[in-house]
Amino acid sequence: MDAGGYDVIVVGAGNAALCSAITASQKGKKVLVLEKAPENQRGGNSKFTRNFRIAHGEGWNGFKQEYSRDEFLTDIKKVTRGESNSELTGYVVDHSSEAVDWASSHGVRWQKALKSTLHLDRTNLFILGGGKALLNTYFQYLGKYDNCRIVYDSELVRLNVENNTFQSLTARIQGHEVEIKGDSVILGSGGFESNLNILREAWGDAIDNFIIRGTSHNTGTPMMEMIRHGAASVGEKNDGHMVGVDARSPKYDGGIVTRVDSVIFSIVVNKFARRFFDEGYDIWPKRYAISGKLIAQQPDQIAFSIFDRKSWGLFMPPLYPPIVENSLEVMADKLGLNPDELRKTVSEYNAACPEISHFDFSNPDGNGTKNIDPAKSNWARRIDEPPFYAYPLRPGLTFTYFGLKVDNHSRVIDQAGKPFNNIWAAGEIMAGNILNGGYLGGLGMTIGTLFGINAGEEALS
Ligand SMILES: Cc1cc2nc3c(=O)[nH]c(=O)nc-3n(C[C@H](O)[C@H](O)[C@H](O)COP(=O)(O)OP(=O)(O)OC[C@H]3O[C@@H](n4cnc5c(N)ncnc54)[C@H](O)[C@@H]3O)c2cc1C
């Protein structure tokens with residue numbers, strides 16, 4: 001392993017890091033990409049993605065309807081309680097279509113959205129073949145550059161920074177520690193959602209019942225190293241994007257297919273067979289990104305989505321099959337719930353459901369319960385026609401919002417408000433500057449691409 005002389009060291013090999021590495025390599029600089037994962041697990045959380053969110057006019061890339069700058073900004077404000085950095089947020093929205101243009105010009109292809117419960121076909125452009133295809137395209141593209149070297153199984157364990165200037169880093173490469181020098185470093189190493197030790201500080205032992213939807217490699221060392229060197233942070237450590245996922249999913253790497261979309265057409269009960277939130281509050285964006293958090297607050301972090309024959313087929317089926325029974329009592333037994341309690345909960349809910357003349361599965365339909373707490377605001381239909389269906393749910397952590405403060409050149413900012421001289425950050429590691437405490441589907445890839453390109457360009461000047 002060559003221990004020095006790199007113009008740019010890029011840490012990570014997900015979307016943001018590869019955008020930086022490509023940009024720097026195109027300029028003829030000597031680039032080293034350090035990827036913690038072995039080659040067959042490369043690509044971080046980016047490999048699980050499906051789409052980019054972009055502002056666009058009617059007709060752009062085949063969109064039938066406009067998604068305006070103002071609507072995009074309003075959507076971000078809605079999910080983030082207005083706490084985002086407005087300069088960076090405006091930058092991302094105004095340049096969002098450039099992220100897609102850049103990806104297209106580097107070989108990425110797109111497809112029409114399929115119909116699903118998340119309703120992204122007007123706002124998001126879908127990657128043909130998903131994030132894995134996008135990354136493979138970028139890896140192949142990088143392969144053309146002799147001046148860029150990718151080293152797998154290489155974890156950054158220490159950053160050496162003096163007077164706000166990056167000097168070198170220590171990487172554990174296939175088990176051996178090596179010090180590597182470079183003129184600049186770009187951190188594209190994601191959040192810390194796979195680091196159970198840090199998560200335990202915030203969530204306690206409940207974390208043992210969480211499922212991490214993405215890679216096991218995003219443990220946050222580069223981010224924490226920068227904080228040790230005085231970088232300013234954004235967001236809260238105990239905050240993250242969490243959805244309800246199938247409780248039978250693996251601890252890591254389950255990806256998109258473990259998400260359970262039946263929630264809005266069902267009742268969700270805890271281990272005492274009691275409902276605990278308004279399952280039909282909204283489809284998008286409010287409910288989707290917080291259902292996991294509500295399950296995380298329940299005893300033993302377990303819940304069950306229960307519905308009947310009428311709702312089967314209304315949502316995209318997840319990887320695991322539902323549990324199907326002809327009686328609620330047998331279902332309760334199967335799920336480890338008290339049958340009397342479940343029967344009572346379903347009866348009370350059924351009695352609160354309205355007479356339904358119009359049921360719209362694709363929009364909030366106003367069919368709300370009456371005189372029951374918690375209410376169900378939409379899609380409140382009686383659960384009374386067997387067979388009955390259930391999915392067991394756990395909180396599925398997608399990513400953490402806590403990150404490094406950056407400016408709109410992707411430079412990492414210190415606690416005195418000054419940029420570090422030669423240290424940049426792109427992607428999930430800094431997305432909290434924009435998505436402070438909330439999430440809007442597809443924005444992670446748009447942010448990573450734009451700030452990844454910026455970092456790659458800036459690191460050379
Ligand atoms: C299931 C799922 C579906 C998603 N779907 C979408 C979607 O459709 N659209 C969207 O915009 N967003 C989506 N997201 C969010 C999206 O994945 C992230 O916003 C985006 O991928 C972040 O990209 P990144 O390059 O910053 O990080 P990542 O792609 O996670 O890459 C980080 C890289 O850093 C490496 N690394 C970590 N620590 C070290 C270290 N110490 N040393 C060396 N390397 C290190 C990792 O191995 C990894 O390769 C989804 C996330 C998940 C989990």
# chains A, B, ... in the order shown; residues from 1 in each chain; ligands from 1
>>> residues_near_ligand(ligand="ligand 1", cutoff="6 Å", atoms="only C-alpha atoms and all ligand atoms", output="tab-separated table (two decimals) with all heavy atoms, in the first residue's frame")
chain	number	residue	atom	x	y	z
A	11	VAL	N	-12.99	8.98	1.57
A	11	VAL	CA	-13.31	7.93	2.54
A	11	VAL	C	-14.74	7.46	2.29
A	11	VAL	O	-15.69	8.23	2.42
A	11	VAL	CB	-13.14	8.43	3.99
A	11	VAL	CG1	-13.42	7.32	4.98
A	11	VAL	CG2	-11.73	8.99	4.18
A	12	GLY	N	-14.89	6.17	1.94
A	12	GLY	CA	-16.19	5.59	1.63
A	12	GLY	C	-16.31	5.33	0.14
A	12	GLY	O	-15.53	5.87	-0.66
A	13	ALA	N	-17.26	4.46	-0.20
A	13	ALA	CA	-17.51	4.19	-1.62
A	13	ALA	C	-19.01	4.03	-1.86
A	13	ALA	O	-19.46	3.11	-2.53
A	13	ALA	CB	-16.74	2.96	-2.08
A	14	GLY	N	-19.77	4.97	-1.27
A	14	GLY	CA	-21.21	5.07	-1.59
A	14	GLY	C	-21.38	6.14	-2.66
A	14	GLY	O	-20.40	6.57	-3.30
A	15	ASN	N	-22.60	6.60	-2.83
A	15	ASN	CA	-22.89	7.57	-3.88
A	15	ASN	C	-22.06	8.85	-3.75
A	15	ASN	O	-21.40	9.27	-4.70
A	15	ASN	CB	-24.39	7.91	-3.84
A	15	ASN	CG	-24.76	9.00	-4.82
A	15	ASN	OD1	-24.49	8.89	-6.01
A	15	ASN	ND2	-25.33	10.08	-4.32
A	16	ALA	N	-22.08	9.47	-2.56
A	16	ALA	CA	-21.40	10.76	-2.40
A	16	ALA	C	-19.91	10.62	-2.66
A	16	ALA	O	-19.30	11.42	-3.39
A	16	ALA	CB	-21.66	11.31	-1.00
A	17	ALA	N	-19.30	9.60	-2.07
A	17	ALA	CA	-17.85	9.40	-2.21
A	17	ALA	C	-17.48	9.17	-3.68
A	17	ALA	O	-16.49	9.73	-4.18
A	17	ALA	CB	-17.41	8.21	-1.36
A	34	LEU	N	-10.87	4.89	-0.01
A	34	LEU	CA	-10.78	3.87	1.04
A	34	LEU	C	-12.18	3.39	1.37
A	34	LEU	O	-13.02	4.19	1.81
A	34	LEU	CB	-10.19	4.49	2.32
A	34	LEU	CG	-8.72	4.81	2.36
A	34	LEU	CD1	-8.38	5.42	3.72
A	34	LEU	CD2	-7.88	3.54	2.13
A	35	GLU	N	-12.47	2.13	1.17
A	35	GLU	CA	-13.81	1.60	1.47
A	35	GLU	C	-13.70	0.54	2.56
A	35	GLU	O	-12.96	-0.44	2.43
A	35	GLU	CB	-14.44	1.03	0.20
A	35	GLU	CG	-15.64	0.12	0.39
A	35	GLU	CD	-16.86	0.77	1.04
A	35	GLU	OE1	-16.68	1.49	2.05
A	35	GLU	OE2	-17.98	0.53	0.57
A	36	LYS	N	-14.44	0.78	3.65
A	36	LYS	CA	-14.38	-0.13	4.79
A	36	LYS	C	-14.88	-1.54	4.45
A	36	LYS	O	-14.34	-2.54	4.94
A	36	LYS	CB	-15.25	0.46	5.91
A	36	LYS	CG	-15.28	-0.34	7.16
A	36	LYS	CD	-16.07	0.41	8.23
A	36	LYS	CE	-16.36	-0.48	9.41
A	36	LYS	NZ	-17.30	0.12	10.33
A	37	ALA	N	-15.87	-1.62	3.60
A	37	ALA	CA	-16.47	-2.92	3.29
A	37	ALA	C	-15.58	-3.72	2.35
A	37	ALA	O	-14.84	-3.14	1.57
A	37	ALA	CB	-17.83	-2.69	2.62
A	42	ARG	N	-19.59	-3.53	-1.02
A	42	ARG	CA	-19.31	-2.10	-1.21
A	42	ARG	C	-20.59	-1.32	-1.51
A	42	ARG	O	-21.60	-1.90	-1.93
A	42	ARG	CB	-18.32	-1.94	-2.39
A	42	ARG	CG	-18.95	-2.28	-3.72
A	42	ARG	CD	-17.94	-2.27	-4.84
A	42	ARG	NE	-18.58	-2.51	-6.13
A	42	ARG	CZ	-17.94	-2.61	-7.27
A	42	ARG	NH1	-16.62	-2.52	-7.31
A	42	ARG	NH2	-18.59	-2.80	-8.40
A	43	GLY	N	-20.50	-0.01	-1.32
A	43	GLY	CA	-21.61	0.84	-1.79
A	43	GLY	C	-22.54	1.34	-0.71
A	43	GLY	O	-23.55	1.99	-1.01
A	44	GLY	N	-22.24	1.06	0.56
A	44	GLY	CA	-22.99	1.66	1.67
A	44	GLY	C	-24.50	1.54	1.53
A	44	GLY	O	-25.02	0.56	0.98
A	45	ASN	N	-25.20	2.53	2.03
A	45	ASN	CA	-26.66	2.54	1.94
A	45	ASN	C	-27.11	2.91	0.53
A	45	ASN	O	-28.26	2.65	0.16
A	45	ASN	CB	-27.26	3.53	2.94
A	45	ASN	CG	-27.26	2.97	4.34
A	45	ASN	OD1	-27.00	1.77	4.53
A	45	ASN	ND2	-27.53	3.79	5.33
A	46	SER	N	-26.21	3.52	-0.23
A	46	SER	CA	-26.61	3.95	-1.58
A	46	SER	C	-27.06	2.76	-2.43
A	46	SER	O	-27.88	2.92	-3.32
A	46	SER	CB	-25.45	4.65	-2.27
A	46	SER	OG	-25.01	5.76	-1.52
A	48	PHE	N	-29.00	0.50	-1.72
A	48	PHE	CA	-30.40	0.14	-1.47
A	48	PHE	C	-31.39	1.15	-2.05
A	48	PHE	O	-32.59	0.97	-1.93
A	48	PHE	CB	-30.66	0.02	0.04
A	48	PHE	CG	-29.84	-1.04	0.70
A	48	PHE	CD1	-28.83	-0.71	1.58
A	48	PHE	CD2	-30.07	-2.38	0.42
A	48	PHE	CE1	-28.06	-1.69	2.19
A	48	PHE	CE2	-29.31	-3.37	1.02
A	48	PHE	CZ	-28.30	-3.03	1.91
A	49	THR	N	-30.88	2.24	-2.61
A	49	THR	CA	-31.79	3.33	-2.98
A	49	THR	C	-32.50	3.06	-4.30
A	49	THR	O	-32.09	2.17	-5.07
A	49	THR	CB	-31.03	4.67	-3.11
A	49	THR	OG1	-30.10	4.55	-4.18
A	49	THR	CG2	-30.30	5.01	-1.84
A	50	ARG	N	-33.52	3.88	-4.54
A	50	ARG	CA	-34.28	3.70	-5.79
A	50	ARG	C	-34.48	5.01	-6.54
A	50	ARG	O	-34.75	5.00	-7.72
A	50	ARG	CB	-35.65	3.10	-5.49
A	50	ARG	CG	-35.57	1.71	-4.86
A	50	ARG	CD	-36.94	1.16	-4.58
A	50	ARG	NE	-37.68	2.09	-3.78
A	50	ARG	CZ	-39.01	2.22	-3.78
A	50	ARG	NH1	-39.72	1.47	-4.57
A	50	ARG	NH2	-39.62	3.09	-3.01
A	51	ASN	N	-34.36	6.15	-5.86
A	51	ASN	CA	-34.76	7.37	-6.58
A	51	ASN	C	-34.10	8.64	-6.07
A	51	ASN	O	-33.52	8.65	-4.99
A	51	ASN	CB	-36.28	7.52	-6.50
A	51	ASN	CG	-36.77	7.46	-5.08
A	51	ASN	OD1	-36.34	8.24	-4.24
A	51	ASN	ND2	-37.66	6.52	-4.77
A	52	PHE	N	-34.20	9.70	-6.89
A	52	PHE	CA	-33.73	11.04	-6.56
A	52	PHE	C	-34.95	11.97	-6.53
A	52	PHE	O	-35.81	11.86	-7.41
A	52	PHE	CB	-32.83	11.61	-7.67
A	52	PHE	CG	-31.44	11.08	-7.72
A	52	PHE	CD1	-31.16	9.72	-7.76
A	52	PHE	CD2	-30.35	11.97	-7.78
A	52	PHE	CE1	-29.86	9.25	-7.85
A	52	PHE	CE2	-29.06	11.51	-7.88
A	52	PHE	CZ	-28.81	10.14	-7.92
A	154	SER	N	-10.86	-1.47	4.01
A	154	SER	CA	-9.96	-0.44	4.52
A	154	SER	C	-10.75	0.57	5.33
A	154	SER	O	-11.47	1.39	4.77
A	154	SER	CB	-9.29	0.31	3.37
A	154	SER	OG	-8.65	-0.60	2.55
A	155	GLU	N	-10.58	0.51	6.63
A	155	GLU	CA	-11.38	1.36	7.50
A	155	GLU	C	-10.56	2.53	8.03
A	155	GLU	O	-9.48	2.33	8.60
A	155	GLU	CB	-11.86	0.51	8.70
A	155	GLU	CG	-12.66	1.31	9.68
A	155	GLU	CD	-13.06	0.50	10.90
A	155	GLU	OE1	-12.59	-0.65	11.05
A	155	GLU	OE2	-13.83	1.03	11.72
A	156	LEU	N	-11.06	3.74	7.85
A	156	LEU	CA	-10.41	4.88	8.51
A	156	LEU	C	-10.64	4.73	10.01
A	156	LEU	O	-11.78	4.62	10.45
A	156	LEU	CB	-11.02	6.19	8.02
A	156	LEU	CG	-10.45	7.47	8.63
A	156	LEU	CD1	-10.56	8.62	7.66
A	156	LEU	CD2	-11.06	7.85	9.96
A	157	VAL	N	-9.54	4.70	10.78
A	157	VAL	CA	-9.71	4.59	12.23
A	157	VAL	C	-9.29	5.87	12.95
A	157	VAL	O	-9.69	6.12	14.08
A	157	VAL	CB	-8.97	3.37	12.83
A	157	VAL	CG1	-9.65	2.08	12.41
A	157	VAL	CG2	-7.50	3.35	12.46
A	188	GLY	N	-16.97	10.73	2.83
A	188	GLY	CA	-18.27	10.33	2.28
A	188	GLY	C	-18.69	9.03	2.96
A	188	GLY	O	-19.13	8.09	2.30
A	189	SER	N	-18.54	9.03	4.28
A	189	SER	CA	-18.63	7.77	5.03
A	189	SER	C	-19.96	7.56	5.74
A	189	SER	O	-20.07	6.71	6.63
A	189	SER	CB	-17.48	7.71	6.03
A	189	SER	OG	-17.31	8.96	6.66
A	190	GLY	N	-21.01	8.30	5.35
A	190	GLY	CA	-22.34	8.04	5.89
A	190	GLY	C	-22.50	8.43	7.35
A	190	GLY	O	-21.66	9.13	7.93
A	213	ARG	N	-31.66	-0.97	8.65
A	213	ARG	CA	-32.10	-1.35	7.31
A	213	ARG	C	-30.95	-1.43	6.31
A	213	ARG	O	-31.05	-2.10	5.30
A	213	ARG	CB	-33.13	-0.33	6.80
A	213	ARG	CG	-34.35	-0.26	7.69
A	213	ARG	CD	-35.27	0.83	7.21
A	213	ARG	NE	-35.91	0.51	5.96
A	213	ARG	CZ	-36.32	1.40	5.06
A	213	ARG	NH1	-36.12	2.69	5.29
A	213	ARG	NH2	-36.91	1.04	3.95
A	214	GLY	N	-29.89	-0.70	6.58
A	214	GLY	CA	-28.81	-0.61	5.60
A	214	GLY	C	-27.55	-1.37	6.03
A	214	GLY	O	-27.59	-2.30	6.84
A	217	HIS	N	-21.67	-1.26	7.85
A	217	HIS	CA	-20.35	-0.60	7.85
A	217	HIS	C	-20.38	0.88	8.23
A	217	HIS	O	-19.33	1.48	8.45
A	217	HIS	CB	-19.68	-0.77	6.48
A	217	HIS	CG	-19.41	-2.20	6.16
A	217	HIS	ND1	-18.43	-2.93	6.79
A	217	HIS	CD2	-20.03	-3.06	5.32
A	217	HIS	CE1	-18.44	-4.17	6.33
A	217	HIS	NE2	-19.40	-4.27	5.44
A	218	ASN	N	-21.56	1.48	8.31
A	218	ASN	CA	-21.62	2.91	8.65
A	218	ASN	C	-21.60	3.11	10.16
A	218	ASN	O	-22.64	3.31	10.79
A	218	ASN	CB	-22.86	3.57	8.02
A	218	ASN	CG	-22.69	3.79	6.54
A	218	ASN	OD1	-21.63	3.51	5.97
A	218	ASN	ND2	-23.71	4.28	5.88
A	219	THR	N	-20.42	3.06	10.73
A	219	THR	CA	-20.29	3.14	12.19
A	219	THR	C	-19.85	4.53	12.66
A	219	THR	O	-19.68	4.76	13.85
A	219	THR	CB	-19.31	2.06	12.70
A	219	THR	OG1	-18.18	2.06	11.84
A	219	THR	CG2	-19.95	0.69	12.70
A	220	GLY	N	-19.64	5.46	11.73
A	220	GLY	CA	-19.47	6.87	12.10
A	220	GLY	C	-18.09	7.29	12.58
A	220	GLY	O	-17.95	8.42	13.09
A	221	THR	N	-17.07	6.44	12.42
A	221	THR	CA	-15.75	6.83	12.95
A	221	THR	C	-15.23	8.13	12.33
A	221	THR	O	-14.76	9.02	13.08
A	221	THR	CB	-14.72	5.69	12.74
A	221	THR	OG1	-15.27	4.51	13.30
A	221	THR	CG2	-13.38	6.00	13.38
A	222	PRO	N	-15.29	8.31	10.99
A	222	PRO	CA	-14.76	9.57	10.44
A	222	PRO	C	-15.48	10.79	11.01
A	222	PRO	O	-14.84	11.81	11.34
A	222	PRO	CB	-15.02	9.42	8.94
A	222	PRO	CG	-15.05	7.93	8.72
A	222	PRO	CD	-15.70	7.37	9.93
A	255	GLY	N	-32.48	-3.89	3.65
A	255	GLY	CA	-32.81	-3.00	2.54
A	255	GLY	C	-34.29	-2.68	2.44
A	255	GLY	O	-35.04	-2.79	3.42
A	256	ILE	N	-34.70	-2.31	1.26
A	256	ILE	CA	-36.04	-1.75	1.03
A	256	ILE	C	-37.16	-2.78	1.19
A	256	ILE	O	-38.27	-2.47	1.59
A	256	ILE	CB	-36.07	-1.11	-0.39
A	256	ILE	CG1	-37.21	-0.13	-0.54
A	256	ILE	CG2	-36.06	-2.12	-1.48
A	256	ILE	CD1	-36.87	1.22	-0.04
A	398	THR	N	-33.19	3.69	9.30
A	398	THR	CA	-32.64	3.89	7.95
A	398	THR	C	-31.31	4.62	8.04
A	398	THR	O	-30.31	4.20	7.48
A	398	THR	CB	-33.62	4.71	7.08
A	398	THR	OG1	-34.95	4.30	7.36
A	398	THR	CG2	-33.32	4.54	5.62
A	427	GLY	N	-22.73	13.87	1.53
A	427	GLY	CA	-23.67	12.75	1.68
A	427	GLY	C	-24.31	12.72	3.06
A	427	GLY	O	-24.46	13.75	3.73
A	428	GLU	N	-24.61	11.53	3.50
A	428	GLU	CA	-25.35	11.36	4.76
A	428	GLU	C	-24.61	11.98	5.95
A	428	GLU	O	-25.23	12.44	6.91
A	428	GLU	CB	-25.54	9.86	5.00
A	428	GLU	CG	-26.75	9.51	5.80
A	428	GLU	CD	-28.01	10.08	5.19
A	428	GLU	OE1	-28.42	9.62	4.13
A	428	GLU	OE2	-28.58	11.00	5.80
A	429	ILE	N	-23.31	12.04	5.87
A	429	ILE	CA	-22.50	12.58	6.98
A	429	ILE	C	-22.81	14.07	7.22
A	429	ILE	O	-22.58	14.58	8.31
A	429	ILE	CB	-20.99	12.36	6.68
A	429	ILE	CG1	-20.12	12.68	7.89
A	429	ILE	CG2	-20.52	13.13	5.47
A	429	ILE	CD1	-18.65	12.26	7.75
A	441	GLY	N	-38.32	11.57	1.11
A	441	GLY	CA	-37.80	10.48	0.28
A	441	GLY	C	-37.09	10.97	-0.97
A	441	GLY	O	-37.60	11.82	-1.69
A	442	GLY	N	-35.92	10.44	-1.24
A	442	GLY	CA	-35.17	10.75	-2.45
A	442	GLY	C	-34.19	11.90	-2.30
A	442	GLY	O	-33.36	12.14	-3.18
A	443	LEU	N	-34.26	12.59	-1.16
A	443	LEU	CA	-33.39	13.76	-1.02
A	443	LEU	C	-31.95	13.35	-0.66
A	443	LEU	O	-31.00	14.06	-0.99
A	443	LEU	CB	-33.97	14.68	0.05
A	443	LEU	CG	-33.50	16.13	0.07
A	443	LEU	CD1	-33.42	16.73	-1.31
A	443	LEU	CD2	-34.41	16.97	0.93
A	444	GLY	N	-31.79	12.21	-0.03
A	444	GLY	CA	-30.45	11.75	0.36
A	444	GLY	C	-29.53	11.61	-0.85
A	444	GLY	O	-28.37	12.04	-0.82
A	445	MET	N	-30.05	11.07	-1.93
A	445	MET	CA	-29.22	10.86	-3.13
A	445	MET	C	-28.96	12.18	-3.83
A	445	MET	O	-27.86	12.41	-4.37
A	445	MET	CB	-29.91	9.87	-4.09
A	445	MET	CG	-29.94	8.47	-3.56
A	445	MET	SD	-28.29	7.77	-3.32
A	445	MET	CE	-27.90	7.19	-4.97
A	448	GLY	N	-26.30	13.94	-1.69
A	448	GLY	CA	-25.00	13.26	-1.82
A	448	GLY	C	-24.33	13.56	-3.15
A	448	GLY	O	-23.11	13.78	-3.23
>>> select_by_dssp(residues="region 117-191 of chain A", states="strand (DSSP E)", output="ChimeraX atom specification")
/A:124-127,148-151,154-162,165-173,176-187
>>> select_by_dssp(residues="region 155-378 of chain A", states="alpha helix (DSSP H)", output="PyMOL selection string")
chain A and resi 196-203+221-228+291-296+328-335+339-352
>>> atom_distance(atom1="CA of Gly240 (chain A)", atom2="CA of Phe361 (chain A)")
28.0 Å
>>> closest_atom_pairs(of="region 156-199 of chain A", to="region 23-28 of chain A", cutoff="12 Å", atoms="only C-alpha atoms", output="CSV")
residue,atom,partner,partner_atom,distance
A:Ser184,CA,A:Ala24,CA,11.1
A:Val185,CA,A:Ala24,CA,11.4
A:Ile186,CA,A:Ala24,CA,10.5
